[in-house]
>>> print(open('entry-v5.cif').read())   # mmCIF, C-alpha atoms
data_my_file
#
loop_
_atom_site.label_atom_id
_atom_site.label_comp_id
_atom_site.auth_asym_id
_atom_site.auth_seq_id
_atom_site.Cartn_x
_atom_site.Cartn_y
_atom_site.Cartn_z
CA MET X 1 8.78 69.82 -3.04
CA LEU X 2 11.84 69.28 -5.20
CA LYS X 3 11.48 67.09 -8.26
CA LEU X 4 13.86 64.35 -9.25
CA ARG X 5 16.99 65.36 -11.12
CA SER X 6 16.59 65.99 -14.81
CA SER X 7 19.49 65.06 -17.04
CA GLY X 8 21.36 67.51 -19.21
CA LEU X 9 21.96 71.22 -18.73
CA SER X 10 22.41 72.35 -22.32
CA CYS X 11 19.84 72.97 -25.00
CA GLY X 12 19.76 73.70 -28.67
CA VAL X 13 19.13 77.24 -29.87
CA CYS X 14 18.97 78.92 -33.25
CA ALA X 15 22.40 79.09 -34.83
CA ASN X 16 21.85 82.32 -36.72
CA PHE X 17 19.96 85.45 -35.73
CA GLN X 18 18.78 88.03 -38.22
CA ILE X 19 16.80 90.43 -36.05
CA PRO X 20 18.43 93.77 -35.11
CA ILE X 21 20.47 93.57 -31.91
CA PRO X 22 20.09 96.38 -29.32
CA ARG X 23 22.95 97.73 -27.21
CA CYS X 24 25.43 95.24 -25.66
CA PHE X 25 23.43 92.16 -26.63
CA MET X 26 26.57 90.61 -28.00
CA ASN X 27 27.80 90.44 -24.40
CA SER X 28 25.01 89.28 -22.13
CA ILE X 29 27.14 89.61 -18.98
CA THR X 30 26.67 93.17 -17.80
CA THR X 31 29.31 94.67 -15.53
CA SER X 32 26.93 94.41 -12.57
CA SER X 33 26.60 90.66 -13.00
CA ILE X 34 30.16 90.06 -11.85
CA ASP X 35 29.85 92.10 -8.65
CA VAL X 36 28.61 88.99 -6.85
CA LYS X 37 30.05 85.52 -7.33
CA PRO X 38 27.23 82.94 -7.49
CA LYS X 39 27.49 79.90 -5.27
CA VAL X 40 27.95 76.50 -6.89
CA PRO X 41 25.01 74.11 -6.26
CA LEU X 42 25.89 71.12 -4.12
CA TYR X 43 25.37 68.55 -6.87
CA LEU X 44 27.84 70.37 -9.16
CA ARG X 45 30.67 70.57 -6.62
CA PRO X 46 33.60 68.17 -7.03
CA PRO X 47 33.62 65.18 -4.62
CA SER X 48 36.78 66.36 -2.89
CA PHE X 49 36.10 65.10 0.65
CA SER X 50 35.75 61.66 2.20
CA ALA X 51 33.98 59.93 5.07
CA SER X 52 33.58 56.39 6.28
CA LEU X 53 30.30 54.52 6.21
CA SER X 54 30.16 54.54 10.01
CA GLU X 55 30.64 58.32 10.09
CA LEU X 56 27.91 58.89 7.51
CA THR X 57 25.58 56.45 9.31
CA LYS X 58 26.05 58.39 12.55
CA TRP X 59 25.25 61.69 10.80
CA HIS X 60 22.27 60.21 8.97
CA LYS X 61 20.76 58.86 12.17
CA TRP X 62 21.21 62.22 13.90
CA ALA X 63 19.72 64.13 10.95
CA LYS X 64 16.77 61.76 10.64
CA ASN X 65 16.01 62.06 14.36
CA LEU X 66 16.17 65.84 14.14
CA ALA X 67 13.71 65.81 11.24
CA SER X 68 11.39 63.41 13.08
CA SER X 69 11.37 65.65 16.15
CA VAL X 70 9.50 68.31 14.17
CA GLY X 71 6.36 66.22 13.79
CA SER X 72 3.56 68.52 12.62
CA SER X 73 4.67 71.54 14.64
CA PHE X 74 5.74 73.58 11.60
CA ILE X 75 2.45 72.81 9.85
CA ASN X 76 0.50 74.05 12.87
CA LEU X 77 2.71 77.13 13.17
CA ASP X 78 2.72 78.47 9.60
CA ASN X 79 1.88 75.60 7.23
CA GLY X 80 5.55 74.65 7.05
CA PRO X 81 7.06 71.22 6.29
CA ASP X 82 6.27 68.20 8.45
CA SER X 83 8.60 65.37 9.42
CA THR X 84 7.67 63.29 6.38
CA LEU X 85 8.70 66.03 3.96
CA LEU X 86 11.86 66.81 5.94
CA ARG X 87 12.96 63.16 5.85
CA ARG X 88 12.32 63.17 2.11
CA GLU X 89 14.49 66.28 1.81
CA LEU X 90 17.18 64.46 3.78
CA ASN X 91 17.24 61.73 1.14
CA TRP X 92 17.50 64.34 -1.63
CA LEU X 93 20.33 66.00 0.26
CA LEU X 94 22.20 62.69 0.43
CA GLN X 95 21.77 62.20 -3.31
CA ASP X 96 23.47 65.53 -3.93
CA LEU X 97 26.14 64.97 -1.28
CA ILE X 98 27.49 61.53 -2.26
CA GLU X 99 29.57 61.08 -5.39
CA LEU X 100 27.76 59.30 -8.19
CA GLN X 101 29.84 56.11 -8.42
CA HIS X 102 28.84 54.72 -5.01
CA ARG X 103 25.64 56.70 -4.40
CA SER X 104 23.05 53.96 -4.88
CA VAL X 105 25.00 51.42 -2.80
CA ILE X 106 25.56 53.84 0.07
CA LEU X 107 21.95 55.04 0.11
CA SER X 108 20.71 51.47 0.13
CA ARG X 109 22.94 50.55 3.06
CA LEU X 110 21.86 53.62 5.03
CA GLU X 111 18.20 52.76 4.57
CA SER X 112 18.65 49.08 5.41
CA GLY X 113 20.99 49.68 8.35
CA ASN X 114 23.63 47.39 6.81
CA ASN X 115 26.87 48.13 8.71
CA GLU X 116 29.08 45.67 6.85
CA ASN X 117 32.56 47.14 6.28
CA PRO X 118 31.85 50.28 8.35
CA ASP X 119 35.34 51.67 7.75
CA VAL X 120 35.00 51.79 3.96
CA SER X 121 35.41 55.36 2.70
CA PHE X 122 33.74 57.18 -0.17
CA ALA X 123 33.76 60.70 -1.60
CA LEU X 124 31.51 63.60 -0.58
CA ARG X 125 30.99 67.02 -2.10
CA VAL X 126 31.35 68.86 1.24
CA PRO X 127 32.93 67.82 4.56
CA LEU X 128 30.62 65.77 6.76
CA GLU X 129 31.29 68.20 9.62
CA GLU X 130 29.68 70.94 7.57
CA MET X 131 26.57 68.81 7.03
CA TYR X 132 25.79 68.92 10.75
CA CYS X 133 25.61 72.71 10.53
CA VAL X 134 23.71 72.67 7.24
CA TRP X 135 20.98 70.32 8.47
CA ARG X 136 20.66 72.17 11.78
CA GLN X 137 20.07 75.36 9.79
CA ARG X 138 17.35 73.61 7.80
CA ILE X 139 15.48 72.45 10.90
CA GLU X 140 16.21 75.04 13.58
CA LYS X 141 16.49 78.15 11.40
CA ARG X 142 13.95 76.99 8.78
CA ARG X 143 16.45 77.75 6.02
CA PRO X 144 14.81 76.78 2.71
CA PHE X 145 15.93 73.42 1.38
CA GLN X 146 16.60 74.99 -2.02
CA TYR X 147 19.16 77.29 -0.41
CA VAL X 148 20.70 74.32 1.40
CA VAL X 149 21.36 72.42 -1.84
CA GLY X 150 21.72 75.57 -3.97
CA CYS X 151 19.22 74.72 -6.68
CA GLU X 152 15.57 74.29 -7.59
CA HIS X 153 13.92 72.08 -10.19
CA TRP X 154 11.54 74.12 -12.35
CA ARG X 155 9.88 72.74 -15.47
CA ASP X 156 12.73 70.87 -17.18
CA LEU X 157 15.40 73.14 -15.67
CA VAL X 158 17.73 72.83 -12.69
CA LEU X 159 18.36 76.40 -11.59
CA SER X 160 20.95 77.68 -9.15
CA VAL X 161 19.45 79.67 -6.26
CA GLN X 162 20.89 81.17 -3.11
CA GLU X 163 20.08 83.70 -0.41
CA GLY X 164 19.02 86.95 -2.06
CA VAL X 165 17.24 85.22 -4.96
CA LEU X 166 13.56 84.25 -4.99
CA ILE X 167 13.02 80.50 -5.30
CA PRO X 168 10.94 79.88 -8.47
CA ARG X 169 7.53 78.37 -7.73
CA PRO X 170 5.72 75.63 -9.68
CA GLU X 171 2.71 77.87 -10.36
CA THR X 172 4.92 80.36 -12.21
CA GLU X 173 5.46 77.67 -14.85
CA VAL X 174 2.02 78.63 -16.18
CA ILE X 175 3.55 81.83 -17.60
CA ILE X 176 5.62 79.71 -20.00
CA ASP X 177 2.51 77.70 -20.90
CA LEU X 178 0.83 80.99 -21.81
CA VAL X 179 3.81 82.07 -23.91
CA GLU X 180 3.70 78.82 -25.87
CA GLY X 181 0.00 78.01 -25.87
CA VAL X 182 -1.44 81.49 -26.29
CA ALA X 183 1.11 84.02 -27.55
CA LEU X 184 3.18 81.93 -29.96
CA ASN X 185 0.31 79.78 -31.18
CA ASN X 186 -1.89 82.77 -31.97
CA ALA X 187 0.89 85.04 -33.19
CA PRO X 188 3.84 82.93 -34.43
CA GLU X 189 5.71 86.03 -35.58
CA LEU X 190 6.29 86.95 -31.92
CA ALA X 191 8.84 84.11 -31.72
CA GLN X 192 11.26 86.27 -33.70
CA GLY X 193 11.05 89.37 -31.50
CA PHE X 194 12.50 90.73 -28.29
CA TRP X 195 10.96 89.61 -25.00
CA ALA X 196 11.51 90.93 -21.48
CA ASP X 197 11.43 89.14 -18.14
CA LEU X 198 11.14 91.83 -15.45
CA GLY X 199 12.39 90.98 -11.96
CA THR X 200 14.04 87.84 -13.29
CA GLY X 201 15.41 86.46 -9.99
CA SER X 202 17.06 83.15 -10.90
CA GLY X 203 16.36 83.72 -14.60
CA ALA X 204 13.73 80.97 -14.70
CA ILE X 205 11.18 82.76 -16.89
CA ALA X 206 13.84 84.22 -19.18
CA ILE X 207 15.58 80.89 -19.79
CA ALA X 208 12.36 78.94 -20.33
CA THR X 209 11.05 81.66 -22.65
CA ALA X 210 14.24 81.61 -24.72
CA ARG X 211 13.91 77.86 -25.16
CA ALA X 212 10.27 78.26 -26.16
CA LEU X 213 11.15 80.93 -28.72
CA ALA X 214 13.81 78.65 -30.22
CA THR X 215 11.29 75.81 -30.49
CA HIS X 216 8.73 78.01 -32.28
CA ALA X 217 11.18 79.90 -34.49
CA HIS X 218 10.82 79.72 -38.27
CA GLY X 219 13.93 79.69 -40.39
CA ASP X 220 17.12 81.22 -39.03
CA ALA X 221 15.52 84.09 -37.12
CA CYS X 222 15.03 83.42 -33.42
CA GLY X 223 13.77 85.63 -30.62
CA ARG X 224 15.84 87.04 -27.78
CA VAL X 225 15.12 87.77 -24.14
CA ILE X 226 16.24 90.63 -21.93
CA ALA X 227 16.04 89.83 -18.21
CA THR X 228 16.17 92.66 -15.68
CA ASP X 229 16.56 92.75 -11.91
CA LEU X 230 17.45 95.39 -9.36
CA SER X 231 19.34 92.93 -7.14
CA PRO X 232 23.03 92.37 -7.98
CA VAL X 233 22.76 88.89 -6.44
CA ALA X 234 19.87 88.00 -8.74
CA VAL X 235 21.72 89.43 -11.75
CA ALA X 236 24.77 87.28 -10.95
CA VAL X 237 22.75 84.10 -10.34
CA ALA X 238 20.56 84.60 -13.42
CA THR X 239 23.65 85.21 -15.57
CA SER X 240 25.23 82.03 -14.23
CA ASN X 241 22.09 80.01 -15.00
CA VAL X 242 21.92 81.48 -18.50
CA GLN X 243 25.52 80.45 -19.14
CA ARG X 244 25.00 76.91 -17.83
CA TYR X 245 22.24 76.43 -20.38
CA GLY X 246 24.36 77.87 -23.19
CA LEU X 247 21.97 80.77 -23.80
CA GLN X 248 24.32 83.70 -23.29
CA ASP X 249 23.86 84.76 -26.93
CA VAL X 250 20.08 84.64 -26.58
CA VAL X 251 19.39 85.97 -23.07
CA GLU X 252 20.88 89.22 -21.80
CA VAL X 253 20.71 90.02 -18.09
CA ARG X 254 20.62 93.71 -17.21
CA LYS X 255 20.71 95.32 -13.78
CA GLY X 256 18.02 97.88 -13.07
CA SER X 257 14.46 98.43 -11.90
CA TRP X 258 11.67 97.13 -14.13
CA PHE X 259 11.62 99.05 -17.45
CA GLU X 260 14.54 101.37 -16.66
CA PRO X 261 17.19 99.19 -18.41
CA LEU X 262 14.95 98.76 -21.48
CA LYS X 263 14.90 102.27 -22.94
CA ASP X 264 16.63 101.07 -26.12
CA VAL X 265 13.77 98.67 -26.91
CA GLN X 266 10.82 100.87 -25.95
CA GLY X 267 7.88 100.12 -28.21
CA LYS X 268 9.72 97.18 -29.79
CA LEU X 269 9.04 94.31 -27.38
CA ALA X 270 7.13 91.26 -28.58
CA GLY X 271 6.41 90.16 -25.03
CA VAL X 272 6.70 91.31 -21.42
CA LEU X 273 6.56 88.76 -18.60
CA SER X 274 6.89 89.13 -14.85
CA ASN X 275 6.35 87.49 -11.49
CA PRO X 276 6.63 90.69 -9.43
CA PRO X 277 6.29 91.25 -5.66
CA TYR X 278 2.58 91.00 -4.87
CA ILE X 279 2.27 90.05 -1.20
CA PRO X 280 0.53 92.82 0.83
CA SER X 281 2.98 94.29 3.34
CA GLY X 282 0.76 93.30 6.27
CA ASP X 283 0.85 89.64 5.24
CA ILE X 284 4.64 89.26 5.17
CA SER X 285 4.95 88.45 8.88
CA GLY X 286 2.45 85.59 8.54
CA LEU X 287 4.25 83.83 5.71
CA GLN X 288 5.88 80.43 6.15
CA ALA X 289 9.22 80.94 7.92
CA GLU X 290 11.15 79.54 4.93
CA VAL X 291 9.69 82.38 2.86
CA GLY X 292 9.20 85.36 5.15
CA GLN X 293 12.44 84.98 7.11
CA HIS X 294 14.79 83.93 4.30
CA GLU X 295 13.66 84.92 0.82
CA PRO X 296 14.37 88.51 -0.32
CA ILE X 297 11.74 90.96 0.91
CA LEU X 298 12.35 92.95 -2.27
CA ALA X 299 10.87 90.08 -4.27
CA LEU X 300 7.88 89.57 -1.94
CA ASP X 301 6.50 92.86 -0.62
CA GLY X 302 4.10 94.51 -3.04
CA GLY X 303 3.04 97.38 -0.79
CA ILE X 304 -0.10 97.90 1.26
CA SER X 305 -2.43 96.16 -1.18
CA GLY X 306 0.27 94.12 -2.90
CA THR X 307 -0.33 95.88 -6.22
CA ASN X 308 2.33 98.63 -6.22
CA ASP X 309 4.66 96.89 -8.68
CA LEU X 310 1.84 95.31 -10.68
CA LEU X 311 0.34 98.75 -11.36
CA HIS X 312 3.77 100.06 -12.36
CA LEU X 313 4.10 97.20 -14.82
CA ILE X 314 0.65 97.82 -16.28
CA ASP X 315 1.39 101.54 -16.65
CA GLY X 316 4.65 100.82 -18.48
CA VAL X 317 3.81 97.84 -20.63
CA ALA X 318 1.56 99.77 -23.01
CA SER X 319 4.49 101.92 -24.17
CA MET X 320 7.01 99.04 -24.19
CA LEU X 321 5.11 96.54 -26.31
CA LYS X 322 4.92 96.79 -30.06
CA PRO X 323 1.44 96.46 -31.65
CA GLY X 324 0.30 92.86 -31.17
CA GLY X 325 2.80 92.28 -28.36
CA PHE X 326 1.90 89.97 -25.47
CA PHE X 327 2.06 90.39 -21.70
CA ALA X 328 1.52 88.02 -18.78
CA PHE X 329 1.86 88.91 -15.09
CA GLU X 330 1.51 86.74 -11.99
CA THR X 331 -0.56 88.04 -9.07
CA ASN X 332 -1.56 87.09 -5.54
CA GLY X 333 -4.88 85.72 -6.70
CA GLU X 334 -8.46 86.48 -7.71
CA LYS X 335 -8.90 89.95 -6.15
CA GLN X 336 -5.68 91.31 -7.61
CA CYS X 337 -6.46 89.82 -11.04
CA LYS X 338 -9.89 91.43 -11.20
CA PHE X 339 -8.54 94.73 -9.87
CA LEU X 340 -5.86 94.81 -12.58
CA VAL X 341 -8.30 94.04 -15.37
CA GLU X 342 -10.63 96.79 -14.15
CA TYR X 343 -7.69 99.16 -13.90
CA ILE X 344 -6.64 98.42 -17.48
CA GLU X 345 -10.18 98.88 -18.77
CA ASN X 346 -10.64 102.19 -16.93
CA GLU X 347 -7.15 103.70 -17.14
CA LYS X 348 -5.86 102.20 -20.40
CA PRO X 349 -8.99 102.01 -22.58
CA GLY X 350 -8.30 100.76 -26.08
CA SER X 351 -4.68 99.85 -25.30
CA PHE X 352 -5.10 96.08 -25.04
CA ARG X 353 -7.19 93.28 -26.50
CA ASP X 354 -8.00 89.69 -25.60
CA MET X 355 -7.31 90.23 -21.91
CA ASN X 356 -7.90 87.20 -19.76
CA ILE X 357 -7.51 85.91 -16.22
CA VAL X 358 -5.86 82.47 -16.02
CA SER X 359 -5.85 80.05 -13.10
CA ASP X 360 -2.83 78.22 -11.70
CA PHE X 361 -2.51 74.47 -11.15
CA ALA X 362 -4.57 74.70 -7.96
CA GLY X 363 -7.45 76.47 -9.71
CA ILE X 364 -6.64 79.88 -8.18
CA GLU X 365 -7.06 82.81 -10.55
CA ARG X 366 -3.41 83.86 -10.67
CA PHE X 367 -2.41 85.46 -13.98
CA VAL X 368 -3.46 88.42 -16.08
CA MET X 369 -2.58 88.32 -19.80
CA GLY X 370 -3.40 90.17 -22.98
CA PHE X 371 -2.15 91.64 -26.26
CA ARG X 372 -1.27 95.21 -27.21
CA ARG X 373 -3.60 96.69 -29.80
#
>>> encode(input="entry-v5.cif", output="structure tokens")
Amino acid sequence: MLKLRSSGLSCGVCANFQIPIPRCFMNSITTSSIDVKPKVPLYLRPPSFSASLSELTKWHKWAKNLASSVGSSFINLDNGPDSTLLRRELNWLLQDLIELQHRSVILSRLESGNNENPDVSFALRVPLEEMYCVWRQRIEKRRPFQYVVGCEHWRDLVLSVQEGVLIPRPETEVIIDLVEGVALNNAPELAQGFWADLGTGSGAIAIATARALATHAHGDACGRVIATDLSPVAVAVATSNVQRYGLQDVVEVRKGSWFEPLKDVQGKLAGVLSNPPYIPSGDISGLQAEVGQHEPILALDGGISGTNDLLHLIDGVASMLKPGGFFAFETNGEKQCKFLVEYIENEKPGSFRDMNIVSDFAGIERFVMGFRR
């Protein structure tokens, strides 16, 4: 479910930085980040098109009927959205589509069925003809709503997303809570170090972490974040999101697999964070259609047991973190969490301290965290 729009896309960061800067941090846009041009979210597009009230009313009635025709069939099929949620999405779509000046009046008239002055025109951000195709894709192809509007609301951020980029989930917000509530509260000096977000996707974790580091910084020194991803689409989208929040001097996006782009900061990282692929390969086909048929398989499939990438991260994080450095990884749930903790205890004895399993908002044991000795 998308949250209501939050206002403001910029944030304050530390003006001066006194920690050593690794290679190319003065230019956070790597060459790979411009290989793909990110799409502009619907709500940020200029209102360059027009339609009459009667035309929009006709489309709205058609779209609402199409949503209502779903009933509970998607829920029964794969726990997908029902008609109530789809109609709610339709209202959110209209909010993004209609230019701000007349939005509230037009939405009110659509809901009430008021057809007074049906020929009055107003501005839209895309042609109404295109909206027939877009909404049909949402219902008939199960295209994720976040891809339809081109953004997702996550914590206090509005992040651009598109095909090829994992849509950030609400439960992943807990990672930022752990950064603030555990890492930075217990070890305030970590706010001045280098952090890594591995498999950054949209850049959600990296951007939120950078803002948290700025909030907890002491004096002029402020931490920095390096975000890595193997996907050129994700690199481009994450870079765009970083720039929209004015964090290009604080967050660097690098293209590459996991720790490979981080050789220059080996043993120097204050924190390593990741929401890696953790779905067992055999479970992919049973996922909700919006996920399994549209989101990037590279960001979902964690191998036979779902732990391939998690084990790779555990094996690498001990050499990447500096003494006292923090890590937090998201998993598929209780079994994976316990398996990872046992793996660390057996294969990496003495490497970490204060390891813990943390539950998500639904009470599911979801995260493994700890500190480097």
>>> resolve_selection(input="entry-v5.cif", expression="the PyMOL selection byres ((chain X and resi 92) around 12)", output="number ranges by chain")
X: 1-5, 42-43, 85-91, 93-98, 103, 107, 145-146, 148-149, 151-152
>>> closest_residue(input="entry-v5.cif", among="X:Arg211, X:Arg169, X:Lys348, X:Lys322", to="X:Ala270", atoms="only C-alpha atoms")
X:Lys322
>>> resolve_selection(input="entry-v5.cif", expression="the PyMOL selection byres ((chain X and resi 180) around 12)", output="PyMOL selection string")
chain X and resi 173-179+181-188+190-191+208-217+271+326+328
>>> closest_residue(input="entry-v5.cif", among="X:Gly282, X:Gly267, X:Pro276, X:Gly303", to="X:Asp197", atoms="all atoms listed in the file")
X:Pro276
>>> closest_residue(input="entry-v5.cif", among="X:Phe327, X:Trp154, X:Phe49, X:Trp195", to="X:Val126", atoms="all atoms listed in the file")
X:Phe49
>>> atom_distance(input="entry-v5.cif", atom1="atom CA of X:Pro81", atom2="atom CA of X:Leu56")
24.3 Å
